[in-house]
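*Asks:* Input structure: start24.pdb, which contains PDB, C-alpha atoms.
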ATOM      1  CA  SER A   1     124.362 118.223  99.421
ATOM      2  CA  GLN A   2     124.290 117.766 103.154
ATOM      3  CA  GLN A   3     120.899 117.406 104.764
ATOM      4  CA  GLY A   4     121.744 116.946 108.410
ATOM      5  CA  GLU A   5     124.081 119.328 110.174
ATOM      6  CA  GLU A   6     125.422 118.226 113.524
ATOM      7  CA  ASP A   7     126.323 120.549 116.317
ATOM      8  CA  PRO A   8     128.800 120.825 117.884
ATOM      9  CA  GLN A   9     131.492 119.698 115.459
ATOM     10  CA  ALA A  10     133.574 118.465 118.384
ATOM     11  CA  LEU A  11     132.809 117.729 122.016
ATOM     12  CA  SER A  12     135.176 116.749 124.800
ATOM     13  CA  ILE A  13     133.840 115.556 128.163
ATOM     14  CA  GLN A  14     134.896 113.536 131.180
ATOM     15  CA  GLU A  15     133.860 109.957 131.765
ATOM     16  CA  GLY A  16     130.553 109.792 133.596
ATOM     17  CA  GLU A  17     129.229 113.030 132.152
ATOM     18  CA  ASN A  18     126.370 113.204 129.668
ATOM     19  CA  ALA A  19     126.999 114.083 126.033
ATOM     20  CA  THR A  20     124.428 115.863 123.899
ATOM     21  CA  MET A  21     124.699 116.221 120.154
ATOM     22  CA  ASN A  22     122.256 118.047 117.931
ATOM     23  CA  CYS A  23     121.215 117.652 114.336
ATOM     24  CA  SER A  24     119.278 120.044 112.145
ATOM     25  CA  TYR A  25     117.875 119.237 108.730
ATOM     26  CA  LYS A  26     116.093 121.083 105.963
ATOM     27  CA  THR A  27     113.427 119.022 104.234
ATOM     28  CA  SER A  28     110.569 116.752 105.269
ATOM     29  CA  ILE A  29     111.686 113.375 106.485
ATOM     30  CA  ASN A  30     110.343 109.890 106.945
ATOM     31  CA  ASN A  31     112.811 109.038 109.665
ATOM     32  CA  LEU A  32     116.043 110.193 111.252
ATOM     33  CA  GLN A  33     118.847 107.880 112.273
ATOM     34  CA  TRP A  34     122.009 108.184 114.300
ATOM     35  CA  TYR A  35     125.179 106.322 113.433
ATOM     36  CA  ARG A  36     128.499 105.987 115.173
ATOM     37  CA  GLN A  37     131.939 105.738 113.564
ATOM     38  CA  ASN A  38     135.026 104.674 115.447
ATOM     39  CA  SER A  39     138.302 105.935 114.034
ATOM     40  CA  GLY A  40     139.260 104.014 110.908
ATOM     41  CA  ARG A  41     136.061 101.958 110.858
ATOM     42  CA  GLY A  42     132.725 101.926 109.106
ATOM     43  CA  LEU A  43     129.566 103.506 110.433
ATOM     44  CA  VAL A  44     127.355 101.537 112.776
ATOM     45  CA  HIS A  45     123.648 102.160 113.189
ATOM     46  CA  LEU A  46     122.600 103.223 116.686
ATOM     47  CA  ILE A  47     118.969 104.209 116.644
ATOM     48  CA  LEU A  48     116.137 105.247 114.321
ATOM     49  CA  ILE A  49     113.282 107.579 115.136
ATOM     50  CA  ARG A  50     110.312 107.960 112.824
ATOM     51  CA  SER A  51     108.772 111.291 111.922
ATOM     52  CA  ASN A  52     105.685 110.580 114.053
ATOM     53  CA  GLU A  53     107.765 109.833 117.158
ATOM     54  CA  ARG A  54     109.091 112.440 119.568
ATOM     55  CA  GLU A  55     111.451 110.448 121.757
ATOM     56  CA  LYS A  56     113.150 107.102 121.756
ATOM     57  CA  HIS A  57     115.455 105.287 124.159
ATOM     58  CA  SER A  58     117.989 102.535 123.690
ATOM     59  CA  GLY A  59     120.185 101.696 126.656
ATOM     60  CA  ARG A  60     122.191 104.825 127.490
ATOM     61  CA  LEU A  61     120.976 106.567 124.343
ATOM     62  CA  ARG A  62     118.070 108.965 124.172
ATOM     63  CA  VAL A  63     116.976 110.535 120.914
ATOM     64  CA  THR A  64     114.454 113.312 120.501
ATOM     65  CA  LEU A  65     112.892 114.621 117.323
ATOM     66  CA  ASP A  66     111.152 117.943 116.790
ATOM     67  CA  THR A  67     109.772 118.014 113.270
ATOM     68  CA  SER A  68     108.441 121.556 113.682
ATOM     69  CA  LYS A  69     111.992 122.761 114.281
ATOM     70  CA  LYS A  70     113.522 120.189 111.964
ATOM     71  CA  SER A  71     115.934 119.116 114.647
ATOM     72  CA  SER A  72     116.995 116.081 116.643
ATOM     73  CA  SER A  73     119.244 115.474 119.584
ATOM     74  CA  LEU A  74     121.215 112.458 120.746
ATOM     75  CA  LEU A  75     121.965 112.167 124.438
ATOM     76  CA  ILE A  76     124.485 109.653 125.729
ATOM     77  CA  THR A  77     124.207 109.296 129.480
ATOM     78  CA  ALA A  78     126.990 108.285 131.840
ATOM     79  CA  SER A  79     129.555 108.372 129.044
ATOM     80  CA  ARG A  80     132.504 105.992 128.909
ATOM     81  CA  ALA A  81     135.887 106.264 127.243
ATOM     82  CA  ALA A  82     134.669 103.630 124.787
ATOM     83  CA  ASP A  83     132.011 106.075 123.570
ATOM     84  CA  THR A  84     134.784 108.121 121.934
ATOM     85  CA  ALA A  85     133.815 108.229 118.255
ATOM     86  CA  SER A  86     132.171 110.403 115.624
ATOM     87  CA  TYR A  87     128.395 110.505 115.629
ATOM     88  CA  PHE A  88     126.348 111.191 112.508
ATOM     89  CA  CYS A  89     122.707 111.883 111.935
ATOM     90  CA  ALA A  90     121.132 110.677 108.717
ATOM     91  CA  THR A  91     117.772 111.587 107.310
ATOM     92  CA  GLY A  92     115.512 109.369 105.283
ATOM     93  CA  PRO A  93     113.370 111.483 102.974
ATOM     94  CA  ARG A  94     109.612 111.212 102.591
ATOM     95  CA  GLY A  95     108.415 108.948  99.825
ATOM     96  CA  GLY A  96     110.211 105.904 101.090
ATOM     97  CA  SER A  97     113.450 106.549  99.274
ATOM     98  CA  GLU A  98     116.393 104.716 100.722
ATOM     99  CA  LYS A  99     118.626 107.648  99.983
ATOM    100  CA  LEU A 100     119.971 108.434 103.441
ATOM    101  CA  VAL A 101     121.761 111.770 103.635
ATOM    102  CA  PHE A 102     124.382 112.148 106.340
ATOM    103  CA  GLY A 103     125.652 115.183 108.191
ATOM    104  CA  LYS A 104     129.344 115.831 108.800
ATOM    105  CA  GLY A 105     129.251 114.444 112.307
ATOM    106  CA  THR A 106     130.162 115.363 115.847
ATOM    107  CA  LYS A 107     133.507 114.108 117.088
ATOM    108  CA  LEU A 108     133.064 113.051 120.703
ATOM    109  CA  THR A 109     136.028 112.516 122.991
ATOM    110  CA  VAL A 110     135.384 111.015 126.414
ATOM    111  CA  ASN A 111     138.377 111.452 128.686
ATOM    112  CA  PRO A 112     138.976 108.789 131.324
TER     113      PRO A 112
ATOM    114  CA  ASP B   1     127.015  86.503 110.101
ATOM    115  CA  ALA B   2     129.569  88.206 107.909
ATOM    116  CA  GLY B   3     129.001  91.897 107.454
ATOM    117  CA  VAL B   4     129.593  93.918 104.326
ATOM    118  CA  ILE B   5     132.991  92.984 102.964
ATOM    119  CA  GLN B   6     135.093  95.470 101.051
ATOM    120  CA  SER B   7     138.416  95.108  99.290
ATOM    121  CA  PRO B   8     141.024  96.357  99.172
ATOM    122  CA  ARG B   9     141.143  97.971 102.617
ATOM    123  CA  HIS B  10     143.961 100.257 101.557
ATOM    124  CA  GLU B  11     145.192 101.240  98.122
ATOM    125  CA  VAL B  12     147.848 103.677  97.037
ATOM    126  CA  THR B  13     147.989 104.322  93.327
ATOM    127  CA  GLU B  14     149.478 106.783  90.912
ATOM    128  CA  MET B  15     147.467 109.414  89.141
ATOM    129  CA  GLY B  16     146.062 108.106  85.880
ATOM    130  CA  GLN B  17     145.807 104.511  87.009
ATOM    131  CA  GLU B  18     142.563 102.578  87.120
ATOM    132  CA  VAL B  19     141.210 101.749  90.546
ATOM    133  CA  THR B  20     138.623  99.059  91.229
ATOM    134  CA  LEU B  21     136.962  98.772  94.611
ATOM    135  CA  ARG B  22     134.939  95.693  95.454
ATOM    136  CA  CYS B  23     132.039  94.981  97.728
ATOM    137  CA  LYS B  24     130.158  91.923  98.917
ATOM    138  CA  PRO B  25     126.887  92.922 100.614
ATOM    139  CA  ILE B  26     125.260  91.069 103.462
ATOM    140  CA  SER B  27     123.577  87.938 102.164
ATOM    141  CA  GLY B  28     119.889  88.530 101.571
ATOM    142  CA  HIS B  29     120.171  92.300 101.353
ATOM    143  CA  ASN B  30     118.795  93.713  98.137
ATOM    144  CA  SER B  31     119.922  97.332  98.332
ATOM    145  CA  LEU B  32     123.527  98.408  97.983
ATOM    146  CA  PHE B  33     125.090 101.827  98.437
ATOM    147  CA  TRP B  34     128.451 103.377  97.630
ATOM    148  CA  TYR B  35     129.484 106.346  99.773
ATOM    149  CA  ARG B  36     132.610 108.486  99.744
ATOM    150  CA  GLN B  37     133.945 110.155 102.884
ATOM    151  CA  THR B  38     136.345 113.101 102.981
ATOM    152  CA  MET B  39     137.142 115.673 105.626
ATOM    153  CA  MET B  40     135.943 118.484 103.407
ATOM    154  CA  ARG B  41     132.675 117.054 102.121
ATOM    155  CA  GLY B  42     131.756 114.489 104.732
ATOM    156  CA  LEU B  43     129.877 111.371 103.676
ATOM    157  CA  GLU B  44     128.438 111.575 100.168
ATOM    158  CA  LEU B  45     126.178 109.034  98.514
ATOM    159  CA  LEU B  46     127.601 108.192  95.104
ATOM    160  CA  ILE B  47     125.148 105.600  93.836
ATOM    161  CA  TYR B  48     122.713 103.034  95.078
ATOM    162  CA  PHE B  49     121.271  99.843  93.628
ATOM    163  CA  ASN B  50     118.086  97.989  94.333
ATOM    164  CA  ASN B  51     117.869  94.366  93.177
ATOM    165  CA  ASN B  52     121.100  94.922  91.230
ATOM    166  CA  VAL B  53     119.632  97.850  89.261
ATOM    167  CA  PRO B  54     121.121 101.344  89.682
ATOM    168  CA  ILE B  55     118.391 103.558  91.106
ATOM    169  CA  ASP B  56     120.158 106.842  91.711
ATOM    170  CA  ASP B  57     123.626 107.720  90.439
ATOM    171  CA  SER B  58     123.270 111.475  90.781
ATOM    172  CA  GLY B  59     126.103 111.537  93.292
ATOM    173  CA  MET B  60     128.677 110.065  90.942
ATOM    174  CA  PRO B  61     131.100 112.955  90.511
ATOM    175  CA  GLU B  62     131.949 112.516  86.859
ATOM    176  CA  ASP B  63     132.344 110.065  84.016
ATOM    177  CA  ARG B  64     135.586 108.768  85.446
ATOM    178  CA  PHE B  65     133.489 106.956  88.038
ATOM    179  CA  SER B  66     131.405 103.897  87.226
ATOM    180  CA  ALA B  67     129.695 101.268  89.333
ATOM    181  CA  LYS B  68     128.280  97.875  88.514
ATOM    182  CA  MET B  69     126.371  95.196  90.307
ATOM    183  CA  PRO B  70     126.436  92.071  88.130
ATOM    184  CA  ASN B  71     124.714  89.954  90.778
ATOM    185  CA  ALA B  72     123.202  90.159  94.244
ATOM    186  CA  SER B  73     126.465  89.356  96.000
ATOM    187  CA  PHE B  74     128.980  91.588  94.274
ATOM    188  CA  SER B  75     129.487  95.194  93.263
ATOM    189  CA  THR B  76     132.400  97.234  91.961
ATOM    190  CA  LEU B  77     133.208 100.918  91.920
ATOM    191  CA  LYS B  78     135.739 101.859  89.290
ATOM    192  CA  ILE B  79     137.681 105.069  88.838
ATOM    193  CA  GLN B  80     139.462 105.511  85.534
ATOM    194  CA  PRO B  81     141.651 107.497  85.321
ATOM    195  CA  SER B  82     142.209 108.267  88.990
ATOM    196  CA  GLU B  83     143.196 111.736  90.205
ATOM    197  CA  PRO B  84     144.636 112.954  93.525
ATOM    198  CA  ARG B  85     141.301 114.580  94.425
ATOM    199  CA  ASP B  86     139.736 111.111  94.414
ATOM    200  CA  SER B  87     141.684 110.290  97.582
ATOM    201  CA  ALA B  88     139.060 109.395 100.175
ATOM    202  CA  VAL B  89     137.525 106.530 102.068
ATOM    203  CA  TYR B  90     134.964 104.677  99.975
ATOM    204  CA  PHE B  91     132.270 102.826 101.868
ATOM    205  CA  CYS B  92     129.938 100.180 100.611
ATOM    206  CA  ALA B  93     126.754  99.565 102.564
ATOM    207  CA  SER B  94     123.778  97.282 102.173
ATOM    208  CA  SER B  95     120.262  96.988 103.494
ATOM    209  CA  LEU B  96     117.063  95.049 103.173
ATOM    210  CA  TYR B  97     114.735  97.199 101.110
ATOM    211  CA  GLY B  98     112.174  98.949 103.322
ATOM    212  CA  GLU B  99     114.053  98.463 106.586
ATOM    213  CA  ASN B 100     115.758 101.887 106.534
ATOM    214  CA  THR B 101     118.831 100.801 108.508
ATOM    215  CA  ILE B 102     121.932 100.365 106.382
ATOM    216  CA  TYR B 103     125.016  98.336 107.269
ATOM    217  CA  PHE B 104     128.438  99.643 106.346
ATOM    218  CA  GLY B 105     131.626  97.865 105.413
ATOM    219  CA  GLU B 106     134.936  98.902 106.903
ATOM    220  CA  GLY B 107     135.807 101.052 103.916
ATOM    221  CA  SER B 108     138.478 101.185 101.250
ATOM    222  CA  TRP B 109     141.088 103.850 101.955
ATOM    223  CA  LEU B 110     142.242 105.224  98.599
ATOM    224  CA  THR B 111     145.251 107.463  98.133
ATOM    225  CA  VAL B 112     146.053 108.733  94.660
ATOM    226  CA  VAL B 113     149.507 110.284  94.369
TER     227      VAL B 113
END
Represent the structure of the file as structure tokens.
*Replies:*
Amino acid sequence: SQQGEEDPQALSIQEGENATMNCSYKTSINNLQWYRQNSGRGLVHLILIRSNEREKHSGRLRVTLDTSKKSSSLLITASRAADTASYFCATGPRGGSEKLVFGKGTKLTVNP
Amino acid sequence: DAGVIQSPRHEVTEMGQEVTLRCKPISGHNSLFWYRQTMMRGLELLIYFNNNVPIDDSGMPEDRFSAKMPNASFSTLKIQPSEPRDSAVYFCASSLYGENTIYFGEGSWLTVV
């Protein structure tokens, strides 16, 4: 069963604009991760935020986590055409299980 | 360093045939995962191993699916007999236990006709 649900399902923006994707989940988590998937490729880890963290930055990426609302957001600033990909959130459950559960992803298109 | 290596990258097979997908995890990683990705169901965890031992196979859809990990550097996912609804991309991923981040292969694109 899906744990994370991304929103929106698809997003189309112009180069230079910011892109925001949201993820909601249902159960208690140990951490939440974001992955990126280029068309026809495997998923690549972008960033991990632990349940006791509220915000994390990595380059042009900013992730927030609100455990009270069971939600996270991924912001990509100053987007580039090369950022075109699908973005997935994945939740790591409490108890240290490695069983990451992925959402269905947001398909981001950045138009040059 | 080589990443997770999967083979074959693409396979087209006829219904009823046996399909074997192979995976070589990143050297030193001791956890291995098999995921299946479809448009309808997204990315589903089928099974994962820790130190070559299956820990959770609750995602394996039915008895037609089996997975093995005979040693730390090799795993197989077998479908016998295959059915058209098994058509999907199958991903293998590996990680170092406790590090949370998992590393995916490029996937095996399976089409059953």
*Asks:* Determine which residues of chain A sit within 12 Å of chain B, taking into account all atoms listed in the file, and present them as a PyMOL selection string.
*Replies:* chain A and resi 1-6+9+30-50+86+88-106
*Asks:* What residues come out when you apply the PyMOL selection byres ((chain A and resi 81) around 8) to this file, written as a list of chain:residue names?
*Replies:* A:Glu15, A:Ser79, A:Arg80, A:Ala82, A:Asp83, A:Thr84, A:Thr109, A:Val110, A:Asn111, A:Pro112
*Asks:* Quote the spacing between CA of Thr67 (chain A) and CA of Asp7 (chain A) in Å to one decimal place.
*Replies:*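 If I compute the distance from CA of Thr67 (chain A) to CA of Asp7 (chain A), I get 17.0 Å.
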*Asks:* Using the file's own x, y and z axes, what box holds all listed atoms of region 42-50 of chain B with 4 Å on each side, keeping edges along x, y and z, and what are its centre and edge lengths in Å to one decimal, as AutoDock Vina command-line options?
*Replies:*
--center_x 124.9 --center_y 106.2 --center_z 99.2 --size_x 21.7 --size_y 24.5 --size_z 19.1
*Asks:* Tell me which residues the PyMOL selection byres ((chain B and resi 67) around 12) grabs here, as JSON, numbers by chain.
*Replies:* {"B": [19, 20, 21, 22, 23, 32, 33, 34, 35, 46, 47, 48, 49, 52, 53, 54, 55, 56, 57, 59, 60, 61, 62, 63, 64, 65, 66, 68, 69, 70, 74, 75, 76, 77, 78, 79, 80, 92]}
*Asks:* Output the selection as a PDB file, in the coordinates of the input - C-alpha atoms for each residue.
*Replies:*
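Listing of result.pdb after writing:
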ATOM      1  CA  VAL B  19     141.210 101.749  90.546  1.00  0.00           C
ATOM      2  CA  THR B  20     138.623  99.059  91.229  1.00  0.00           C
ATOM      3  CA  LEU B  21     136.962  98.772  94.611  1.00  0.00           C
ATOM      4  CA  ARG B  22     134.939  95.693  95.454  1.00  0.00           C
ATOM      5  CA  CYS B  23     132.039  94.981  97.728  1.00  0.00           C
ATOM      6  CA  LEU B  32     123.527  98.408  97.983  1.00  0.00           C
ATOM      7  CA  PHE B  33     125.090 101.827  98.437  1.00  0.00           C
ATOM      8  CA  TRP B  34     128.451 103.377  97.630  1.00  0.00           C
ATOM      9  CA  TYR B  35     129.484 106.346  99.773  1.00  0.00           C
ATOM     10  CA  LEU B  46     127.601 108.192  95.104  1.00  0.00           C
ATOM     11  CA  ILE B  47     125.148 105.600  93.836  1.00  0.00           C
ATOM     12  CA  TYR B  48     122.713 103.034  95.078  1.00  0.00           C
ATOM     13  CA  PHE B  49     121.271  99.843  93.628  1.00  0.00           C
ATOM     14  CA  ASN B  52     121.100  94.922  91.230  1.00  0.00           C
ATOM     15  CA  VAL B  53     119.632  97.850  89.261  1.00  0.00           C
ATOM     16  CA  PRO B  54     121.121 101.344  89.682  1.00  0.00           C
ATOM     17  CA  ILE B  55     118.391 103.558  91.106  1.00  0.00           C
ATOM     18  CA  ASP B  56     120.158 106.842  91.711  1.00  0.00           C
ATOM     19  CA  ASP B  57     123.626 107.720  90.439  1.00  0.00           C
ATOM     20  CA  GLY B  59     126.103 111.537  93.292  1.00  0.00           C
ATOM     21  CA  MET B  60     128.677 110.065  90.942  1.00  0.00           C
ATOM     22  CA  PRO B  61     131.100 112.955  90.511  1.00  0.00           C
ATOM     23  CA  GLU B  62     131.949 112.516  86.859  1.00  0.00           C
ATOM     24  CA  ASP B  63     132.344 110.065  84.016  1.00  0.00           C
ATOM     25  CA  ARG B  64     135.586 108.768  85.446  1.00  0.00           C
ATOM     26  CA  PHE B  65     133.489 106.956  88.038  1.00  0.00           C
ATOM     27  CA  SER B  66     131.405 103.897  87.226  1.00  0.00           C
ATOM     28  CA  LYS B  68     128.280  97.875  88.514  1.00  0.00           C
ATOM     29  CA  MET B  69     126.371  95.196  90.307  1.00  0.00           C
ATOM     30  CA  PRO B  70     126.436  92.071  88.130  1.00  0.00           C
ATOM     31  CA  PHE B  74     128.980  91.588  94.274  1.00  0.00           C
ATOM     32  CA  SER B  75     129.487  95.194  93.263  1.00  0.00           C
ATOM     33  CA  THR B  76     132.400  97.234  91.961  1.00  0.00           C
ATOM     34  CA  LEU B  77     133.208 100.918  91.920  1.00  0.00           C
ATOM     35  CA  LYS B  78     135.739 101.859  89.290  1.00  0.00           C
ATOM     36  CA  ILE B  79     137.681 105.069  88.838  1.00  0.00           C
ATOM     37  CA  GLN B  80     139.462 105.511  85.534  1.00  0.00           C
ATOM     38  CA  CYS B  92     129.938 100.180 100.611  1.00  0.00           C
TER      39      CYS B  92
END
*Asks:* Find the distance between CA of Ser68 (chain A) and CA of Thr20 (chain A) and write it in Å to one decimal.
*Replies:*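 Those two atoms sit 19.8 Å apart.
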*Asks:* May I ask for the distance between CA of Ala88 (chain B) and CA of Pro25 (chain B), given in Å to one decimal place?
*Replies:* 20.5 Å
*Asks:* Can you pull out the residues contacting Pro81 (chain B)? Cut-off 6 Å, using all atoms listed in the file, and skip same-chain residues under 2 positions away; I want them as a PDB file with C-alpha atoms, in the coordinates of the input.
*Replies:*
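Output saved as out-v7.pdb:
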ATOM      1  CA  GLY B  16     146.062 108.106  85.880  1.00  0.00           C
ATOM      2  CA  GLN B  17     145.807 104.511  87.009  1.00  0.00           C
ATOM      3  CA  GLU B  18     142.563 102.578  87.120  1.00  0.00           C
ATOM      4  CA  ILE B  79     137.681 105.069  88.838  1.00  0.00           C
TER       5      ILE B  79
END
*Asks:* Could you tell me which residues the PyMOL selection byres ((chain B and resi 83-85) around 6) returns for this structure, as JSON, numbers by chain?
*Replies:* {"B": [15, 82, 86, 87, 112, 113]}
*Asks:* Choose the residue, out of A:Ser51, A:Ser58, A:Lys69, A:Tyr87, that has the smallest atom-to-atom separation from Tyr25 (chain A); count all atoms listed in the file.
*Replies:*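 Between A:Ser51, A:Ser58, A:Lys69, A:Tyr87, the residue approaching Tyr25 (chain A) most closely is A:Lys69.
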*Asks:* As a tab-separated table (two decimals), in the frame of the given file, please: region 53-75 of chain B completed to N, CA and C atoms.
*Replies:*
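Dumped everything to selection-v6.tsv:
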chain	number	residue	atom	x	y	z
B	53	VAL	N	119.89	96.80	90.25
B	53	VAL	CA	119.63	97.85	89.26
B	53	VAL	C	120.00	99.20	89.86
B	54	PRO	N	120.79	100.01	89.14
B	54	PRO	CA	121.12	101.34	89.68
B	54	PRO	C	119.87	102.22	89.74
B	55	ILE	N	119.59	102.75	90.91
B	55	ILE	CA	118.39	103.56	91.11
B	55	ILE	C	118.70	105.05	91.05
B	56	ASP	N	119.81	105.43	91.65
B	56	ASP	CA	120.16	106.84	91.71
B	56	ASP	C	121.68	106.96	91.65
B	57	ASP	N	122.18	107.52	90.57
B	57	ASP	CA	123.63	107.72	90.44
B	57	ASP	C	123.96	109.20	90.37
B	58	SER	N	123.08	110.02	90.88
B	58	SER	CA	123.27	111.48	90.78
B	58	SER	C	124.48	111.96	91.58
B	59	GLY	N	124.95	111.14	92.50
B	59	GLY	CA	126.10	111.54	93.29
B	59	GLY	C	127.44	111.17	92.68
B	60	MET	N	127.42	110.43	91.60
B	60	MET	CA	128.68	110.06	90.94
B	60	MET	C	129.31	111.34	90.39
B	61	PRO	N	130.54	111.64	90.81
B	61	PRO	CA	131.10	112.96	90.51
B	61	PRO	C	131.31	113.23	89.03
B	62	GLU	N	131.71	112.28	88.28
B	62	GLU	CA	131.95	112.52	86.86
B	62	GLU	C	132.11	111.18	86.14
B	63	ASP	N	132.31	111.28	84.83
B	63	ASP	CA	132.34	110.06	84.02
B	63	ASP	C	133.50	109.14	84.35
B	64	ARG	N	134.44	109.63	85.07
B	64	ARG	CA	135.59	108.77	85.45
B	64	ARG	C	135.14	107.68	86.44
B	65	PHE	N	134.00	107.90	87.05
B	65	PHE	CA	133.49	106.96	88.04
B	65	PHE	C	132.40	106.08	87.41
B	66	SER	N	132.46	104.79	87.67
B	66	SER	CA	131.40	103.90	87.23
B	66	SER	C	131.21	102.80	88.27
B	67	ALA	N	130.00	102.32	88.36
B	67	ALA	CA	129.70	101.27	89.33
B	67	ALA	C	128.82	100.22	88.66
B	68	LYS	N	129.05	98.98	89.06
B	68	LYS	CA	128.28	97.88	88.51
B	68	LYS	C	127.87	96.94	89.63
B	69	MET	N	126.79	96.24	89.37
B	69	MET	CA	126.37	95.20	90.31
B	69	MET	C	125.89	94.02	89.46
B	70	PRO	N	126.79	93.16	89.05
B	70	PRO	CA	126.44	92.07	88.13
B	70	PRO	C	125.54	91.00	88.76
B	71	ASN	N	125.60	90.90	90.10
B	71	ASN	CA	124.71	89.95	90.78
B	71	ASN	C	124.47	90.42	92.21
B	72	ALA	N	123.64	89.71	92.92
B	72	ALA	CA	123.20	90.16	94.24
B	72	ALA	C	124.31	90.13	95.29
B	73	SER	N	125.43	89.51	94.98
B	73	SER	CA	126.46	89.36	96.00
B	73	SER	C	127.77	90.07	95.65
B	74	PHE	N	127.73	90.96	94.66
B	74	PHE	CA	128.98	91.59	94.27
B	74	PHE	C	128.73	92.92	93.57
B	75	SER	N	129.55	93.90	93.94
B	75	SER	CA	129.49	95.19	93.26
B	75	SER	C	130.89	95.76	93.16
